[in-house]
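Enquirer: Sharing a structure below in C-alpha cells format, with a few things to ask.
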Amino acid sequence: MDLVVAVLFQLIYVIANLALISLGLAIIFGMMRVINLAHGEFLMLGGYTVVVATNAGVNIWIAMLILAPLVVGIVGVIVERLLIRWLYGRMVDTLLATWGLSLLMVGLVTSIFGASTATTVAPPLGAIRIGSYAASGYELFLILITIVLLIAVWLTLRYTKLGLLARGTMQNAEMASALGVSTSRIYMVTFGLGAAVSGLAGGLLAPMTGVLPTIGATYIAKAFITVISGGSAILAGTTAGSVLLGGLNGIFSFIAGSTFGEIALLLAAIVLLRLMPRGITGRFFRKSL
Amino acid sequence: MNSGILRQMRPTFVYALLGIIFMFAAPQVLQLFTIINLTTAIALAVLALSLALIWGYGGILCFGQVAFFGLGAYAYTISAINFGGSTWAILMAVMITSAFAAALGYFIFFGRVSDVYLGVITLTVTLIFFSLIRRTSGPEYKIGNALLGGFNGVSSPPINLPWNPTSFLFPEQVFYVAMAALILCYVFAGWLVNTKFGRVCQAIRENELRAELLGYDTRLYKLGIFTIGAGIAAIGGVLFCNGVGRITPDVFNLYNAALTIIWVIVGGRGTLIGPIGATFALFYLTSALGGQSVLNNNLVLGIILIFFVLLVPKGVAPTIIDWVNARRKKAPGRVRRRRGSRGEGAQ
C-alpha cells in the first residue's frame, strides 16, 4: 500500500513537472501561434535569477515566486518588441529567429557566469514520509504549485477582461482589432506572461536541477512534445499532453529505468501525432481553453 | 539522361570541376594539419548539402538533420568494429540511416505533420538521441563487439580500400575520399533536383495543395526526398568520424543542430552550392573564434542567425544571383531574351 502511494506520488510528480515546464510555451503557442525555441532559455534565465538573487541574500521564496517571473517576463516583453513583433504570421522565420535568440542567450549567460554549474540552491523543504518510504517535500510543493498555476491561468483567461480580450484576439485577430482591441499590445502582454510563467517554472526547478547555461536543452524537447501533442488549447492541451506523456514516461521509468521512460515518451508522441496531427485538443475537448 | 538535364546542370558541372581542381591542388599546397581539418569541414559540407536538398528543394524543414548525420557515423563505427572492415560498414551506415529516416518520415508525412511541427519533431528526435547515447557509458551497453562508450563516444576505425581491411587509408587519402564524396553527392543532388522527381518536389515546396490536386501523392514524394537526404547526411557522418577519429554523442546536441540550419540559411535556400560555401566559411569562422575567449561561439552564431532571418532571409547565394540578374537586365545593349524560367535550376 505504501509502495503504491509512493509510486503514484512519483507519477503525479512527473506529470506535474511536465505541465510546469510546458505551460509557458503553451501560452505563447496557443495564443500567438508562435513556437518559441528560446523557451528552454527562459527557464534557464529563471533558474539563474533565483541563484543570483539567493546568493545576494534574497529570501529564496521571494526569489523563486516573485523575482524569477518578473525578470523573465520583462525579458520576454523586450524580446517581443525587438524581435518577434516583426515576424508575426511567418511561423518558420519566427522559429528560426527564436532559435537564434536561444543561442544568443546561452552565449551571453556563458560569457557572464561561465560554462559550469553556478552555485546550487538547496531545496527549501525537507523530506516527507509516506509510510516506510520517504518522498521529497519540495516535489509535493511543486505538484501543488503547478495545480495553482493552472487554475490561475484558467481564471485569468475565463474571468478577467484581459483574458477575454486575449481569447478574442486568439480566435480572430482582425475582428478584435476592428472592435478596437490593440492586438499588438495583447500579443506583447501574452508573450510577456508566457515568458513570466516559464521564468517561474525555471526558478522553481532550479533547486532540483541546478543551473547551467545549456540546461534549456534538457527541458525543451519534453516541453515541445507535450505542447504539440496537447494541441492548441492552452490548458486542456497542456494537461492532456502532460498526463498522457508524463504518465507513460513515469510508468516505463518505473518498469525499465529512466532511459526507457524517455524512449516511451518520444514514441508515444510520434504515434500520437500520426493519429492526431493537430494534437489531442484538435480532436477532443475542442471548445476548451 | 537527356540533353535538357545536362544543360540545366551546367553550373553544377562548373562547380564540380572547380571542386576537382581543388581536390588535387590542395594537398600540394596545404599542410597535413590543414588537410585533416578540411576533411572535417568537407564532412560537414555534405551534411549541409543534404539539408539544402530537403529543405531548399523539398521544402521540408528538418531541424534534426544532425540526427541522420550522427546515426550514420555511429552505424559506420559500430559496423566497422564488428565487421573488421569499412566496406560493408559504409553501406550499412547509409542503409540504416535511410531506413530510420523512412520510418520516421512515414509517421511525419503520412500523419500530414506540417512545417513547424515537423521541425520540432525532428529536433526532438535529435535531442532524444543525444540524451540516450550519453547514458550508454556502462559495459552493458554494447552492440556486438562495439562498446557505445556513453559521453566519451567510440573511436572509429579508419576507412580501408574496398574488401581489403588491412590497407587503411592515411589522413591525406581520406581527404581525397571525402572531397570525391562531396563532389559526387553534389552532382547527384544537382541531377536529382532537375529530374522529374526533383521538379515535383519543388512544386510541392511551392504549393502542396496544388501539386496534390494535379495528382501527385505529395506524401510519397516528400518521404522520398527526406530519405535520400538522410542517406546523404549519413555519408557525411561516415566522413566526419573518419576525419575526427571518433564519434561522440555531442554530434546530436542543440548547437550542432542549429549550426546545420544556419549554414543553409546563410548560404541560401534553393541553391546547393550556397550552403556548401557557407559551411566552409562558418567552419573557419568558428575555428577562429575558438582560439579566443572574448566572444562566445553561441553568441556569435545566434547573432548571425537572427541577422540573416531578419535582414537577409533569402541567404547569400540567392541574393547575389538576384543582384547579378538585376544588373544584367539593367545593362544597356545586353538585354537578352529570357530562356524559359530558369529560376529553379541547380546552381
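Going through the C-alpha cells in order, the chains are called A, B, and so on, while each chain numbers its residues from 1 and the ligands are numbered from 1 in the order shown.
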Hey, list the chain A side of the contact with chain B: 9 Å cut-off, only C-alpha atoms, answer as a ChimeraX atom specification.
Expert: /A:35,37,83,86-87,91-108,110-111,217-218,220-222,224-225,228,259-260,262-263,266,269-271,273-278
Enquirer: Rank B:Thr248, B:Thr279, B:Ser98, B:Asn194 by their smallest atom-to-atom distance to Leu6 (chain B), using only C-alpha atoms, and report the top residue only.
Expert: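 Looking at the shortest contact to Leu6 (chain B), the residue is B:Asn194.
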Enquirer: With a distance cut-off of 8 Å and only C-alpha atoms, select the neighbouring residues of His39 (chain A), excluding the residue or stretch itself and same-chain residues fewer than 6 positions from it, and output the selection as a list in words.
Expert: Gly24, Leu25, Ser102, Ala195, Ser198, Gly216 and Ile220 of chain A
Enquirer: Applying 9 Å and only C-alpha atoms, which residues near Gly224 (chain B) remain after dropping the ones on its own chain fewer than 4 positions away? List them as a list in words.
Expert: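 Listed by chain and then number, they are Ala102, Gly105, Arg219, Leu220, Ile228 and Gly229 of chain B.
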Enquirer: Let me see the file: selected residues, N, CA, C and O atoms, as an mmCIF file, in the first residue's frame.
Expert:
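Just written: again.cif:
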```
data_model
loop_
_atom_site.group_PDB
_atom_site.id
_atom_site.type_symbol
_atom_site.label_atom_id
_atom_site.label_comp_id
_atom_site.auth_asym_id
_atom_site.auth_seq_id
_atom_site.Cartn_x
_atom_site.Cartn_y
_atom_site.Cartn_z
ATOM 1 N N ALA B 102 13.163 6.755 -43.211
ATOM 2 C CA ALA B 102 11.922 6.362 -43.874
ATOM 3 C C ALA B 102 10.843 6.062 -42.847
ATOM 4 O O ALA B 102 9.684 6.467 -43.009
ATOM 5 N N GLY B 105 9.894 9.339 -41.261
ATOM 6 C CA GLY B 105 9.188 10.123 -42.269
ATOM 7 C C GLY B 105 7.794 9.596 -42.510
ATOM 8 O O GLY B 105 6.870 10.366 -42.766
ATOM 9 N N ARG B 219 2.783 13.054 -50.218
ATOM 10 C CA ARG B 219 3.382 12.410 -49.045
ATOM 11 C C ARG B 219 4.539 11.529 -49.468
ATOM 12 O O ARG B 219 5.603 11.507 -48.862
ATOM 13 N N LEU B 220 4.324 10.792 -50.585
ATOM 14 C CA LEU B 220 5.332 9.858 -51.058
ATOM 15 C C LEU B 220 6.569 10.604 -51.556
ATOM 16 O O LEU B 220 7.706 10.212 -51.285
ATOM 17 N N ILE B 228 16.294 10.221 -49.064
ATOM 18 C CA ILE B 228 17.531 10.418 -49.821
ATOM 19 C C ILE B 228 18.442 11.400 -49.081
ATOM 20 O O ILE B 228 19.649 11.182 -48.939
ATOM 21 N N GLY B 229 17.830 12.479 -48.585
ATOM 22 C CA GLY B 229 18.613 13.460 -47.836
ATOM 23 C C GLY B 229 19.276 12.828 -46.618
ATOM 24 O O GLY B 229 20.441 13.090 -46.324
#
```
Enquirer: With a distance cut-off of 10 Å and only C-alpha atoms, select the neighbouring residues of region 147-155 of chain A, excluding the residue or stretch itself and same-chain residues fewer than 2 positions from it, and output the selection as a PyMOL selection string.
Expert: chain A and resi 16+19-20+23+27+141-145+157-160+163+193+197+200-201+234-236+238-239+289
Enquirer: Any chance you can output those residues with N, CA, C and O atoms as a CSV table (one decimal), in the first residue's frame?
Expert:
```csv
chain,number,residue,atom,x,y,z
A,16,ALA,N,3.2,16.6,-13.2
A,16,ALA,CA,3.2,18.0,-12.8
A,16,ALA,C,4.4,18.7,-13.4
A,16,ALA,O,4.4,19.8,-13.9
A,19,ALA,N,3.9,19.5,-17.0
A,19,ALA,CA,3.0,20.6,-17.2
A,19,ALA,C,3.7,21.9,-16.8
A,19,ALA,O,3.5,22.9,-17.5
A,20,LEU,N,4.5,21.9,-15.8
A,20,LEU,CA,5.1,23.1,-15.3
A,20,LEU,C,6.1,23.6,-16.4
A,20,LEU,O,6.1,24.8,-16.7
A,23,LEU,N,3.9,24.9,-19.6
A,23,LEU,CA,2.8,25.9,-19.6
A,23,LEU,C,3.2,27.2,-20.3
A,23,LEU,O,2.4,27.7,-21.1
A,27,ILE,N,1.2,28.8,-23.5
A,27,ILE,CA,0.5,30.1,-23.5
A,27,ILE,C,0.9,30.8,-24.8
A,27,ILE,O,0.1,31.3,-25.6
A,141,PHE,N,5.4,20.2,-3.0
A,141,PHE,CA,5.2,21.7,-3.2
A,141,PHE,C,5.1,22.0,-4.7
A,141,PHE,O,4.2,22.7,-5.1
A,142,LEU,N,5.9,21.4,-5.5
A,142,LEU,CA,5.9,21.6,-7.0
A,142,LEU,C,4.6,21.2,-7.6
A,142,LEU,O,4.0,21.8,-8.4
A,143,ILE,N,4.1,20.0,-7.1
A,143,ILE,CA,2.8,19.5,-7.6
A,143,ILE,C,1.7,20.5,-7.3
A,143,ILE,O,0.9,20.9,-8.2
A,144,LEU,N,1.7,20.9,-6.0
A,144,LEU,CA,0.7,21.9,-5.6
A,144,LEU,C,0.7,23.2,-6.4
A,144,LEU,O,-0.3,23.7,-6.9
A,145,ILE,N,2.0,23.7,-6.6
A,145,ILE,CA,2.1,25.0,-7.3
A,145,ILE,C,1.7,24.9,-8.7
A,145,ILE,O,1.1,25.8,-9.3
A,157,LEU,N,-7.9,33.6,-17.9
A,157,LEU,CA,-8.5,33.6,-19.3
A,157,LEU,C,-10.0,33.7,-19.2
A,157,LEU,O,-10.6,34.3,-20.1
A,158,ARG,N,-10.6,33.1,-18.2
A,158,ARG,CA,-12.0,32.9,-18.2
A,158,ARG,C,-12.7,34.2,-17.6
A,158,ARG,O,-13.8,34.6,-18.1
A,159,TYR,N,-12.2,34.8,-16.6
A,159,TYR,CA,-12.9,35.8,-15.9
A,159,TYR,C,-12.4,37.2,-15.9
A,159,TYR,O,-13.0,38.1,-15.4
A,160,THR,N,-11.2,37.4,-16.4
A,160,THR,CA,-10.7,38.8,-16.4
A,160,THR,C,-10.9,39.4,-17.8
A,160,THR,O,-11.1,38.7,-18.8
A,163,GLY,N,-8.2,38.4,-20.1
A,163,GLY,CA,-8.4,37.1,-20.6
A,163,GLY,C,-9.4,37.1,-21.8
A,163,GLY,O,-9.2,36.4,-22.8
A,193,LEU,N,3.6,37.4,-20.4
A,193,LEU,CA,3.1,36.5,-19.4
A,193,LEU,C,3.6,35.0,-19.6
A,193,LEU,O,4.0,34.4,-18.7
A,197,VAL,N,5.7,32.9,-16.9
A,197,VAL,CA,5.4,31.6,-16.4
A,197,VAL,C,6.6,30.7,-16.6
A,197,VAL,O,6.9,29.9,-15.7
A,200,LEU,N,9.1,31.5,-13.9
A,200,LEU,CA,8.6,30.9,-12.6
A,200,LEU,C,9.0,29.4,-12.6
A,200,LEU,O,9.6,29.0,-11.6
A,201,ALA,N,8.7,28.7,-13.7
A,201,ALA,CA,9.0,27.3,-13.7
A,201,ALA,C,10.5,27.1,-13.6
A,201,ALA,O,10.9,26.2,-12.8
A,234,ILE,N,-4.8,25.9,-24.6
A,234,ILE,CA,-3.7,26.1,-23.7
A,234,ILE,C,-3.8,25.1,-22.5
A,234,ILE,O,-2.8,24.3,-22.3
A,235,LEU,N,-4.8,25.2,-21.8
A,235,LEU,CA,-4.9,24.5,-20.5
A,235,LEU,C,-5.2,23.0,-20.7
A,235,LEU,O,-4.5,22.1,-20.2
A,236,ALA,N,-6.3,22.8,-21.5
A,236,ALA,CA,-6.7,21.4,-21.7
A,236,ALA,C,-5.6,20.6,-22.5
A,236,ALA,O,-5.2,19.5,-22.1
A,238,THR,N,-2.2,21.3,-22.5
A,238,THR,CA,-1.1,21.1,-21.6
A,238,THR,C,-1.4,19.9,-20.7
A,238,THR,O,-0.6,19.0,-20.4
A,239,THR,N,-2.6,20.0,-20.1
A,239,THR,CA,-2.9,19.0,-19.1
A,239,THR,C,-3.0,17.6,-19.7
A,239,THR,O,-2.4,16.7,-19.2
A,289,LEU,N,-10.4,25.7,-23.1
A,289,LEU,CA,-9.4,26.8,-23.2
A,289,LEU,C,-8.1,26.2,-23.3
A,289,LEU,O,-7.7,25.2,-22.8
```
Enquirer: Kindly give the distance, in Å, that separates CA of Arg134 (chain B) and CA of Leu212 (chain A), rounded to a single decimal.
Expert: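 If I compute the distance from CA of Arg134 (chain B) to CA of Leu212 (chain A), I get 17.2 Å.
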Enquirer: Residues near region 81-91 of chain B, anyone? I mean within 12 Å using only C-alpha atoms, not counting same-chain ones fewer than 4 positions away, as a ChimeraX atom specification.
Expert: /B:71-77,95-98,142-148,154-169,231-232,234-239,241-242
Enquirer: Please identify all polymer residues within 10 Å of Leu184 (chain B), counting only C-alpha atoms, omitting same-chain residues fewer than 6 positions from it, and present them as a PyMOL selection string.
Expert: chain B and resi 16+178+190
Enquirer: What would the file look like if the residues just selected were written as a PDB file, in the first residue's frame with N, CA, C and O atoms?
Expert:
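What ended up in result.pdb:
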```pdb
ATOM      1  N   ALA B  16      31.534  21.531 -59.834  1.00  0.00           N
ATOM      2  CA  ALA B  16      32.149  20.228 -59.588  1.00  0.00           C
ATOM      3  C   ALA B  16      33.584  20.222 -60.108  1.00  0.00           C
ATOM      4  O   ALA B  16      34.493  19.702 -59.447  1.00  0.00           O
ATOM      5  N   ALA B 178      36.975  12.058 -49.120  1.00  0.00           N
ATOM      6  CA  ALA B 178      35.939  12.979 -48.655  1.00  0.00           C
ATOM      7  C   ALA B 178      35.567  13.961 -49.756  1.00  0.00           C
ATOM      8  O   ALA B 178      34.392  14.206 -50.038  1.00  0.00           O
ATOM      9  N   GLY B 190      22.438  17.754 -57.602  1.00  0.00           N
ATOM     10  CA  GLY B 190      22.156  18.669 -58.704  1.00  0.00           C
ATOM     11  C   GLY B 190      21.375  17.978 -59.813  1.00  0.00           C
ATOM     12  O   GLY B 190      20.486  18.581 -60.433  1.00  0.00           O
TER      13      GLY B 190
END
```
Enquirer: Which distance in Å separates CA of Ile247 (chain B) and CA of Val29 (chain B), to one decimal?
Expert: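 Interatomic distance, CA of Ile247 (chain B) to CA of Val29 (chain B): 29.1 Å.
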Enquirer: As an exercise, work out the distance from CA of Phe226 (chain B) to CA of Leu192 (chain B) in Å and give it to one decimal place.
Expert: 12.7 Å
